[in-house]
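Okay, coords-v1.cif is below, mmCIF, C-alpha atoms and all ligand atoms:
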data_entry
loop_
_atom_site.label_atom_id
_atom_site.label_comp_id
_atom_site.auth_asym_id
_atom_site.auth_seq_id
_atom_site.Cartn_x
_atom_site.Cartn_y
_atom_site.Cartn_z
CA MET A 29 -51.01 0.82 -27.43
CA ARG A 30 -50.60 -2.91 -26.94
CA ARG A 31 -47.25 -2.51 -25.21
CA ALA A 32 -48.74 0.07 -22.92
CA LEU A 33 -51.52 -2.35 -22.06
CA LEU A 34 -49.13 -5.19 -21.43
CA SER A 35 -47.03 -3.17 -19.03
CA MET A 36 -50.19 -2.20 -17.15
CA VAL A 37 -51.09 -5.82 -16.78
CA ALA A 38 -47.71 -6.62 -15.31
CA GLY A 39 -48.79 -4.40 -12.46
CA GLY A 40 -51.25 -6.91 -11.15
CA VAL A 41 -54.62 -8.53 -11.33
CA ALA A 42 -56.56 -5.28 -11.19
CA ALA A 43 -54.77 -4.08 -14.27
CA ALA A 44 -55.48 -7.40 -15.97
CA LEU A 45 -59.15 -6.98 -15.31
CA LEU A 46 -58.97 -3.49 -16.75
CA LEU A 47 -57.26 -4.85 -19.83
CA ALA A 48 -59.92 -7.48 -20.28
CA GLY A 49 -62.51 -4.76 -20.08
CA LEU A 50 -60.70 -2.63 -22.64
CA VAL A 51 -60.44 -5.54 -25.03
CA TRP A 52 -64.10 -6.22 -24.65
CA MET A 53 -64.91 -2.57 -25.24
CA SER A 54 -62.63 -2.57 -28.26
CA ALA A 55 -64.47 -5.57 -29.67
CA ALA A 56 -67.79 -3.91 -28.94
CA ARG A 57 -66.69 -0.71 -30.66
CA ARG A 58 -65.52 -2.64 -33.66
CA ALA A 59 -68.74 -4.58 -33.75
CA SER A 60 -70.63 -1.32 -33.53
CA ARG A 61 -68.62 0.11 -36.44
CA SER A 62 -69.14 -2.88 -38.63
CA GLY A 63 -72.72 -3.48 -37.66
CA LYS A 64 -71.81 -7.00 -36.60
CA THR A 65 -71.92 -8.65 -33.26
CA PRO A 66 -68.80 -10.24 -31.78
CA THR A 67 -68.91 -13.92 -32.44
CA THR A 68 -67.08 -15.13 -29.41
CA GLY A 69 -67.30 -14.66 -25.70
CA THR A 70 -64.36 -12.51 -24.68
CA PRO A 71 -64.32 -11.94 -21.86
CA SER A 72 -67.88 -11.61 -20.66
CA GLY A 73 -69.00 -14.86 -22.23
CA ILE A 74 -71.75 -13.13 -24.13
CA SER A 75 -72.21 -14.71 -27.51
CA PRO A 76 -75.02 -13.08 -29.41
CA ALA A 77 -76.37 -14.65 -32.54
CA SER A 78 -74.47 -13.91 -35.70
CA LYS A 79 -75.89 -11.21 -37.96
CA ASP A 80 -73.49 -11.84 -40.79
CA ALA A 81 -75.46 -14.73 -42.16
CA PRO A 82 -78.89 -16.26 -41.78
CA PRO A 83 -79.16 -19.03 -39.20
CA VAL A 84 -78.24 -22.39 -40.58
CA VAL A 85 -80.05 -25.55 -39.67
CA PRO A 86 -77.74 -28.41 -40.56
CA ALA A 87 -79.53 -31.02 -42.61
CA ASN A 88 -77.00 -33.79 -42.00
CA PRO A 89 -78.17 -36.09 -44.78
CA PRO A 90 -76.98 -39.68 -44.47
CA ILE A 91 -73.41 -40.43 -45.45
CA PRO A 92 -72.64 -43.14 -48.01
CA GLU A 93 -72.87 -46.59 -46.49
CA LYS A 94 -69.48 -47.83 -47.64
CA PRO A 95 -67.06 -44.92 -47.91
CA THR A 96 -63.59 -45.55 -49.17
CA VAL A 97 -61.26 -45.13 -46.24
CA ILE A 98 -57.55 -45.65 -46.14
CA VAL A 99 -55.53 -44.94 -43.05
CA SER A 100 -51.83 -44.65 -43.68
CA GLY A 101 -48.75 -43.39 -41.96
CA ALA A 102 -49.11 -44.46 -38.35
CA ALA A 103 -48.30 -48.08 -39.02
CA GLN A 104 -44.99 -47.06 -40.56
CA GLY A 105 -44.15 -44.84 -37.61
CA SER A 106 -44.43 -41.80 -39.85
CA ASP A 107 -44.87 -38.36 -38.34
CA ARG A 108 -47.90 -37.84 -40.56
CA VAL A 109 -51.21 -39.65 -40.91
CA THR A 110 -53.41 -39.22 -43.95
CA LEU A 111 -57.07 -40.15 -43.78
CA ASN A 112 -58.66 -40.77 -47.16
CA LEU A 113 -62.29 -39.68 -47.06
CA GLY A 114 -63.08 -40.87 -50.58
CA ASP A 115 -63.51 -39.02 -53.88
CA GLY A 116 -59.91 -37.83 -53.64
CA VAL A 117 -60.52 -35.95 -50.40
CA THR A 118 -57.86 -36.49 -47.75
CA LEU A 119 -57.23 -35.18 -44.25
CA GLU A 120 -53.64 -34.94 -43.05
CA LEU A 121 -52.47 -34.89 -39.45
CA ALA A 122 -49.05 -34.29 -37.91
CA ARG A 123 -47.63 -36.25 -34.99
CA ILE A 124 -47.32 -34.08 -31.91
CA PRO A 125 -44.70 -35.29 -29.40
CA ALA A 126 -45.42 -35.93 -25.71
CA GLU A 127 -43.78 -33.35 -23.50
CA THR A 128 -44.22 -31.01 -20.56
CA PHE A 129 -44.78 -27.33 -21.27
CA LEU A 130 -45.74 -24.15 -19.47
CA MET A 131 -49.34 -23.38 -20.40
CA GLY A 132 -50.74 -19.86 -20.11
CA SER A 133 -49.09 -16.46 -19.82
CA LEU A 134 -48.49 -13.54 -17.51
CA ILE A 135 -50.67 -11.36 -19.69
CA LYS A 136 -54.22 -12.06 -18.62
CA TYR A 137 -55.88 -13.23 -15.43
CA ASP A 138 -57.46 -16.35 -16.95
CA GLU A 139 -54.19 -17.45 -18.59
CA LYS A 140 -52.58 -18.35 -15.26
CA GLN A 141 -49.30 -20.11 -15.98
CA HIS A 142 -49.06 -23.73 -14.91
CA GLU A 143 -47.13 -26.80 -15.96
CA VAL A 144 -48.93 -29.21 -18.25
CA THR A 145 -47.70 -32.62 -19.28
CA ILE A 146 -48.96 -34.13 -22.51
CA SER A 147 -48.27 -37.75 -21.62
CA LYS A 148 -48.81 -39.39 -25.01
CA PRO A 149 -48.02 -38.34 -28.55
CA PHE A 150 -51.12 -37.56 -30.58
CA TYR A 151 -51.96 -36.32 -34.05
CA MET A 152 -53.28 -32.89 -34.89
CA GLY A 153 -54.91 -31.87 -38.17
CA ILE A 154 -52.37 -29.76 -40.04
CA HIS A 155 -55.30 -27.77 -41.41
CA LEU A 156 -58.65 -26.62 -40.22
CA VAL A 157 -61.35 -29.03 -41.40
CA THR A 158 -62.15 -27.83 -44.90
CA GLN A 159 -65.50 -27.53 -46.59
CA GLU A 160 -64.80 -30.48 -48.89
CA GLN A 161 -63.76 -32.63 -45.93
CA TYR A 162 -66.90 -31.69 -44.02
CA GLN A 163 -69.00 -32.39 -47.10
CA ALA A 164 -67.31 -35.78 -47.56
CA VAL A 165 -68.03 -36.88 -44.00
CA MET A 166 -71.32 -35.13 -43.21
CA GLY A 167 -72.86 -34.83 -46.68
CA THR A 168 -73.58 -31.15 -46.16
CA ASN A 169 -71.76 -27.83 -46.19
CA PRO A 170 -73.19 -25.10 -43.98
CA SER A 171 -70.42 -22.55 -44.66
CA GLN A 172 -71.13 -18.93 -45.43
CA PHE A 173 -68.11 -18.74 -47.75
CA LYS A 174 -69.10 -21.74 -49.83
CA ASP A 175 -69.79 -20.14 -53.20
CA ARG A 176 -66.24 -19.10 -54.02
CA GLU A 177 -63.98 -20.66 -56.58
CA ASP A 178 -61.66 -21.91 -53.85
CA SER A 179 -64.33 -22.84 -51.30
CA ALA A 180 -63.45 -26.54 -51.24
CA ARG A 181 -60.16 -25.70 -49.53
CA ARG A 182 -61.55 -23.02 -47.26
CA PRO A 183 -62.32 -24.00 -43.68
CA VAL A 184 -65.83 -25.13 -42.91
CA GLU A 185 -67.64 -22.60 -40.70
CA GLN A 186 -71.16 -22.13 -39.37
CA VAL A 187 -70.64 -25.31 -37.38
CA SER A 188 -71.59 -25.60 -33.73
CA TRP A 189 -69.47 -27.44 -31.19
CA SER A 190 -71.99 -30.28 -31.42
CA ASP A 191 -71.67 -30.35 -35.22
CA ALA A 192 -67.90 -30.62 -34.83
CA VAL A 193 -68.26 -33.46 -32.33
CA GLU A 194 -70.66 -35.22 -34.70
CA PHE A 195 -68.12 -34.83 -37.50
CA CYS A 196 -65.50 -36.47 -35.31
CA LYS A 197 -67.88 -39.31 -34.47
CA LYS A 198 -68.70 -40.00 -38.11
CA LEU A 199 -65.03 -39.72 -39.09
CA SER A 200 -64.14 -42.21 -36.35
CA GLU A 201 -66.75 -44.62 -37.69
CA LYS A 202 -65.30 -44.24 -41.18
CA THR A 203 -61.68 -44.70 -40.23
CA GLY A 204 -61.67 -46.84 -37.12
CA ARG A 205 -59.50 -44.20 -35.46
CA ASN A 206 -60.50 -42.07 -32.49
CA ALA A 207 -61.02 -38.67 -34.11
CA ARG A 208 -61.94 -35.95 -31.63
CA LEU A 209 -61.64 -32.28 -30.89
CA PRO A 210 -58.31 -31.35 -29.30
CA THR A 211 -58.34 -30.42 -25.64
CA GLU A 212 -57.52 -26.81 -24.88
CA ALA A 213 -54.12 -27.90 -23.51
CA GLU A 214 -53.34 -29.92 -26.63
CA TRP A 215 -54.39 -27.00 -28.77
CA GLU A 216 -52.14 -24.48 -27.03
CA TYR A 217 -49.26 -26.93 -26.92
CA ALA A 218 -49.59 -27.61 -30.65
CA CYS A 219 -50.03 -23.92 -31.42
CA ARG A 220 -46.88 -22.95 -29.55
CA ALA A 221 -44.89 -25.72 -31.25
CA GLY A 222 -42.14 -25.29 -28.70
CA THR A 223 -42.22 -21.50 -28.61
CA THR A 224 -42.71 -19.35 -25.52
CA THR A 225 -43.45 -16.15 -27.43
CA GLU A 226 -46.88 -14.58 -27.80
CA TYR A 227 -47.35 -16.18 -31.21
CA SER A 228 -45.71 -19.22 -32.74
CA PHE A 229 -43.89 -16.85 -35.09
CA GLY A 230 -42.55 -14.57 -32.34
CA ASP A 231 -43.98 -11.69 -30.37
CA ALA A 232 -45.87 -10.30 -33.34
CA ILE A 233 -47.45 -11.50 -36.57
CA SER A 234 -47.46 -9.75 -39.92
CA ALA A 235 -50.31 -9.73 -42.41
CA GLU A 236 -48.22 -12.15 -44.49
CA GLN A 237 -48.23 -14.74 -41.71
CA ALA A 238 -51.91 -15.10 -40.86
CA ASN A 239 -55.44 -14.11 -41.84
CA PHE A 240 -56.56 -11.52 -39.31
CA ARG A 241 -57.53 -7.88 -39.21
CA PRO A 242 -54.34 -5.84 -39.28
CA GLU A 243 -54.35 -2.76 -37.08
CA GLY A 244 -55.91 0.25 -38.75
CA MET A 245 -57.31 -1.67 -41.71
CA SER A 246 -60.89 -0.66 -42.46
CA GLU A 247 -63.67 -3.01 -43.49
CA GLU A 248 -63.43 -1.61 -47.03
CA GLU A 249 -59.67 -2.19 -47.20
CA MET A 250 -60.12 -5.71 -45.91
CA ARG A 251 -62.60 -6.46 -48.65
CA ALA A 252 -60.32 -4.91 -51.26
CA LYS A 253 -57.45 -7.11 -50.09
CA ASN A 254 -59.70 -10.18 -49.98
CA ARG A 255 -59.25 -10.39 -46.21
CA ALA A 256 -62.86 -9.90 -45.19
CA GLY A 257 -63.46 -13.62 -44.98
CA THR A 258 -61.89 -17.02 -44.76
CA THR A 259 -58.85 -17.98 -46.83
CA PRO A 260 -58.05 -21.44 -48.23
CA VAL A 261 -56.10 -23.54 -45.74
CA GLY A 262 -52.36 -23.49 -46.35
CA THR A 263 -52.40 -19.91 -47.67
CA PHE A 264 -50.18 -18.73 -44.82
CA PRO A 265 -47.03 -20.36 -43.38
CA ALA A 266 -47.21 -23.30 -40.99
CA ASN A 267 -45.78 -23.19 -37.48
CA ALA A 268 -42.67 -25.17 -36.53
CA TRP A 269 -44.70 -28.38 -36.20
CA GLY A 270 -46.31 -28.04 -39.61
CA LEU A 271 -49.69 -26.75 -38.45
CA TYR A 272 -51.44 -24.04 -40.47
CA ASP A 273 -53.85 -21.31 -39.41
CA MET A 274 -53.25 -21.81 -35.69
CA HIS A 275 -53.46 -18.02 -35.63
CA GLY A 276 -56.48 -16.55 -37.39
CA ASN A 277 -58.59 -17.54 -40.44
CA VAL A 278 -61.36 -19.06 -38.32
CA SER A 279 -61.43 -19.61 -34.57
CA GLU A 280 -61.44 -23.22 -33.42
CA TRP A 281 -63.62 -25.22 -31.09
CA CYS A 282 -61.80 -27.18 -28.41
CA ALA A 283 -63.19 -30.10 -26.44
CA ASP A 284 -63.16 -28.44 -23.01
CA TRP A 285 -65.61 -26.44 -21.02
CA TYR A 286 -64.09 -23.05 -20.19
CA GLY A 287 -62.93 -22.75 -16.59
CA GLU A 288 -60.22 -21.49 -14.27
CA TYR A 289 -56.82 -23.08 -14.79
CA PRO A 290 -55.40 -25.17 -11.95
CA ALA A 291 -52.48 -23.66 -10.04
CA GLU A 292 -50.60 -26.94 -9.78
CA ALA A 293 -48.95 -29.04 -12.45
CA VAL A 294 -51.36 -31.32 -14.31
CA THR A 295 -51.20 -34.17 -16.81
CA ASP A 296 -53.48 -34.41 -19.84
CA PRO A 297 -56.03 -31.90 -18.51
CA GLN A 298 -59.53 -32.24 -19.92
CA GLY A 299 -60.96 -29.02 -18.50
CA PRO A 300 -63.64 -28.69 -15.83
CA GLU A 301 -66.77 -30.85 -15.58
CA GLU A 302 -68.89 -27.92 -16.65
CA GLY A 303 -68.52 -24.26 -17.43
CA PRO A 304 -70.09 -21.17 -18.96
CA GLY A 305 -69.25 -22.32 -22.47
CA ARG A 306 -66.92 -24.32 -24.68
CA VAL A 307 -63.40 -23.10 -25.29
CA ILE A 308 -62.53 -21.37 -28.55
CA ARG A 309 -58.95 -20.66 -29.62
CA SER A 310 -56.95 -18.97 -32.37
CA GLY A 311 -58.88 -15.84 -33.36
CA ALA A 312 -60.40 -15.35 -36.82
CA PHE A 313 -60.16 -13.29 -39.98
CA ASN A 314 -61.96 -10.40 -38.31
CA SER A 315 -59.91 -10.55 -35.09
CA ASP A 316 -57.35 -8.03 -33.91
CA LEU A 317 -53.81 -9.31 -33.57
CA TRP A 318 -54.09 -9.49 -29.79
CA GLU A 319 -56.87 -12.06 -30.09
CA LEU A 320 -54.58 -14.38 -32.05
CA ARG A 321 -52.13 -14.97 -29.20
CA SER A 322 -51.19 -18.60 -28.56
CA THR A 323 -52.53 -18.38 -25.01
CA LEU A 324 -55.69 -16.30 -25.50
CA ARG A 325 -58.82 -18.05 -24.29
CA GLN A 326 -62.31 -17.39 -25.57
CA TRP A 327 -65.48 -19.33 -25.11
CA ASN A 328 -68.91 -19.69 -26.59
CA THR A 329 -71.94 -19.98 -24.39
CA LYS A 330 -74.16 -21.91 -26.82
CA PRO A 331 -72.04 -24.79 -28.10
CA ASP A 332 -75.06 -26.76 -29.30
CA ASP A 333 -76.53 -24.16 -31.63
CA SER A 334 -74.13 -21.27 -32.03
CA ARG A 335 -72.92 -21.12 -35.64
CA HIS A 336 -70.72 -18.34 -37.01
CA SER A 337 -68.78 -17.66 -40.18
CA THR A 338 -65.74 -16.99 -37.99
CA LEU A 339 -65.78 -20.34 -36.19
CA GLY A 340 -64.60 -23.76 -37.32
CA PHE A 341 -62.42 -26.54 -35.95
CA ARG A 342 -59.58 -28.96 -36.52
CA ILE A 343 -59.39 -32.54 -35.32
CA ALA A 344 -57.03 -34.51 -33.16
CA LEU A 345 -56.40 -38.23 -33.40
CA ASP A 346 -55.10 -40.55 -30.70
CA CA A 401 -57.44 -20.75 -36.74
#
Turn this file's structure into structure tokens for me.
Ligand SMILES: [Ca+2]
Amino acid sequence: MRRALLSMVAGGVAAALLLAGLVWMSAARRASRSGKTPTTGTPSGISPASKDAPPVVPANPPIPEKPTVIVSGAAQGSDRVTLNLGDGVTLELARIPAETFLMGSLIKYDEKQHEVTISKPFYMGIHLVTQEQYQAVMGTNPSQFKDREDSARRPVEQVSWSDAVEFCKKLSEKTGRNARLPTEAEWEYACRAGTTTEYSFGDAISAEQANFRPEGMSEEEMRAKNRAGTTPVGTFPANAWGLYDMHGNVSEWCADWYGEYPAEAVTDPQGPEEGPGRVIRSGAFNSDLWELRSTLRQWNTKPDDSRHSTLGFRIALD
């Protein structure tokens, strides 16, 4: 069915709009089946409150005054940086080279292809921010999947865009480095890791390569296979640049407001000044394969107080 859809889209913008509508209807049908509401705004931007967990009000208790922080790697010119958050908790980032790439695709109207130059190398978290990392920096863990044996290494979720930004701010204070959310362009560039295929593993992904909802798998089957939730980071293979979970597990907040791509070539784009919501990338454990594409754009209309078990983040470092 996906191939049929893709060939329709090649026909033109009208077909693309139809496809977007079908995807939205598909998500709505799935949500209807599972009794859950979609957690992200594709493509209408509607982002209803999550029903899969009670609302979480982050307590944000004060962090320790003098955390142990070691920054290593960058000074030696290494391609990795490890931030030590104390108590044996570390956060590892990979160096992402500066380069020009073709952002977007021919698949969907809001993925308009254009040339993007990343002018400076930067570092990208090889993993989603985990629950133990969030706990170490923020002193709290809002995650729905926090009572499992392996929760420490599962991604933190139930965090708003503002929570993620606050995490970055506190982490920056701890480390003296400029920790931040990646821009949408940086995210896609890092996700692709030099590939031009639909996914960083090729034009399809198997259930052994990412945590998502394989086609035809029921809610019951997903639970039986332990796929009805987050998985510890590093469970699935990394992309060519050593980044894990760029497809699936939890979706990821980016820094930008959602908006129309420019037609011309741009350097270090930061997104529009304002928009209908903040960009979300990657797809999550409950997403269909199509939603995991390297170029697929979603957004959330309530970045300050929208918290979902399917939504987390990773950090970038200058
Ligand atoms: Ca992800």
Kindly assemble as JSON lines a list of the chain A residues that lie within 9 Å of ligand CA 401 (chain A), each paired with its nearest atom pair and their distance in Å to one decimal, using only C-alpha atoms and all ligand atoms, sorted first by chain and then by ascending residue number.
{"residue": "A:His155", "atom": "CA", "partner": "A:CA401", "partner_atom": "CA", "distance": 8.7}
{"residue": "A:Leu156", "atom": "CA", "partner": "A:CA401", "partner_atom": "CA", "distance": 6.9}
{"residue": "A:Ala238", "atom": "CA", "partner": "A:CA401", "partner_atom": "CA", "distance": 8.9}
{"residue": "A:Asn239", "atom": "CA", "partner": "A:CA401", "partner_atom": "CA", "distance": 8.6}
{"residue": "A:Tyr272", "atom": "CA", "partner": "A:CA401", "partner_atom": "CA", "distance": 7.8}
{"residue": "A:Asp273", "atom": "CA", "partner": "A:CA401", "partner_atom": "CA", "distance": 4.5}
{"residue": "A:Met274", "atom": "CA", "partner": "A:CA401", "partner_atom": "CA", "distance": 4.4}
{"residue": "A:His275", "atom": "CA", "partner": "A:CA401", "partner_atom": "CA", "distance": 5.0}
{"residue": "A:Gly276", "atom": "CA", "partner": "A:CA401", "partner_atom": "CA", "distance": 4.4}
{"residue": "A:Asn277", "atom": "CA", "partner": "A:CA401", "partner_atom": "CA", "distance": 5.0}
{"residue": "A:Val278", "atom": "CA", "partner": "A:CA401", "partner_atom": "CA", "distance": 4.6}
{"residue": "A:Ser279", "atom": "CA", "partner": "A:CA401", "partner_atom": "CA", "distance": 4.7}
{"residue": "A:Glu280", "atom": "CA", "partner": "A:CA401", "partner_atom": "CA", "distance": 5.8}
{"residue": "A:Arg309", "atom": "CA", "partner": "A:CA401", "partner_atom": "CA", "distance": 7.3}
{"residue": "A:Ser310", "atom": "CA", "partner": "A:CA401", "partner_atom": "CA", "distance": 4.7}
{"residue": "A:Gly311", "atom": "CA", "partner": "A:CA401", "partner_atom": "CA", "distance": 6.1}
{"residue": "A:Ala312", "atom": "CA", "partner": "A:CA401", "partner_atom": "CA", "distance": 6.2}
{"residue": "A:Phe313", "atom": "CA", "partner": "A:CA401", "partner_atom": "CA", "distance": 8.6}
{"residue": "A:Leu320", "atom": "CA", "partner": "A:CA401", "partner_atom": "CA", "distance": 8.4}
{"residue": "A:Leu339", "atom": "CA", "partner": "A:CA401", "partner_atom": "CA", "distance": 8.4}
{"residue": "A:Gly340", "atom": "CA", "partner": "A:CA401", "partner_atom": "CA", "distance": 7.8}
{"residue": "A:Phe341", "atom": "CA", "partner": "A:CA401", "partner_atom": "CA", "distance": 7.7}
{"residue": "A:Arg342", "atom": "CA", "partner": "A:CA401", "partner_atom": "CA", "distance": 8.5}
Report task. Mind checking which residues fall within 12 Å of range 249-254 of chain A, counting all atoms listed in the file, ignoring those fewer than 2 positions away in the same chain, and posting them as a PyMOL selection string? Result -> chain A and resi 62+176+235-236+239-247+256-260+313-315
Requested in this report: Find the distance between CA of Ser188 in chain A and CA of Arg321 in chain A and write it in Å to one decimal.
Outcome: 22.6 Å
Requested in this report: Find the residues near Lys197 in chain A: any atom within 12 Å, counting all atoms listed in the file, skip ones fewer than 2 places away on the same chain, and give them as a VMD selection string.
Outcome: chain A and resid 165 to 166 190 to 195 199 to 209 343 to 345
**Report entry** Test item: residues at most 6 Å from Gln141 in chain A, all atoms listed in the file, excluding those fewer than 2 positions along its chain, as a ChimeraX atom specification
**Finding:** /A:131-133
Report task. In Å, rounded to a single decimal, give me how far CA of Gly153 in chain A is from CA of Glu214 in chain A. Result ->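 Here the two named atoms are 11.8 Å from each other.
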**Report entry** Atomic separation - CA of Phe150 in chain A relative to CA of Asp346 in chain A, Å
**Finding:**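 Computing the Euclidean distance for CA of Asp346 in chain A and CA of Phe150 in chain A yields 5.0 Å.
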Report task. Could you pull out every residue with an atom within 12 Å of (-52.6, -33.4, -30.7), file coordinates, counting all atoms listed in the file, and send them as a ChimeraX atom specification? Result -> /A:107-108,121-127,146-154,206-221,269,271,282-283,296,342-346
Requested in this report: Counting all atoms listed in the file, find the residues whose atoms lie at most 10 Å from (-61.4, -19.8, -50.2) (file coordinates) and write them out as a VMD selection string.
Outcome: chain A and resid 158 to 159 173 to 183 254 257 to 261 263
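Distance annotation: of A:Ile308, A:Phe264, A:Phe229, A:Val187, the residue with the minimal separation from Asp333 in chain A is A:Val187; atom set is only C-alpha atoms.
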Query - Selection: 12 Å around Glu301 in chain A, all atoms listed in the file, excl. self and same-chain fewer than 2 positions, as a ChimeraX atom specification - result: /A:283-288,297-299,303-306
Hey, could you pull the box centre and edge lengths for range 133-140 of chain A, axis-aligned, 8 Å padding per side, all listed atoms, to one decimal in Å, as AutoDock Vina command-line options?
--center_x -53.0 --center_y -14.9 --center_z -17.5 --size_x 25.0 --size_y 23.0 --size_z 20.6
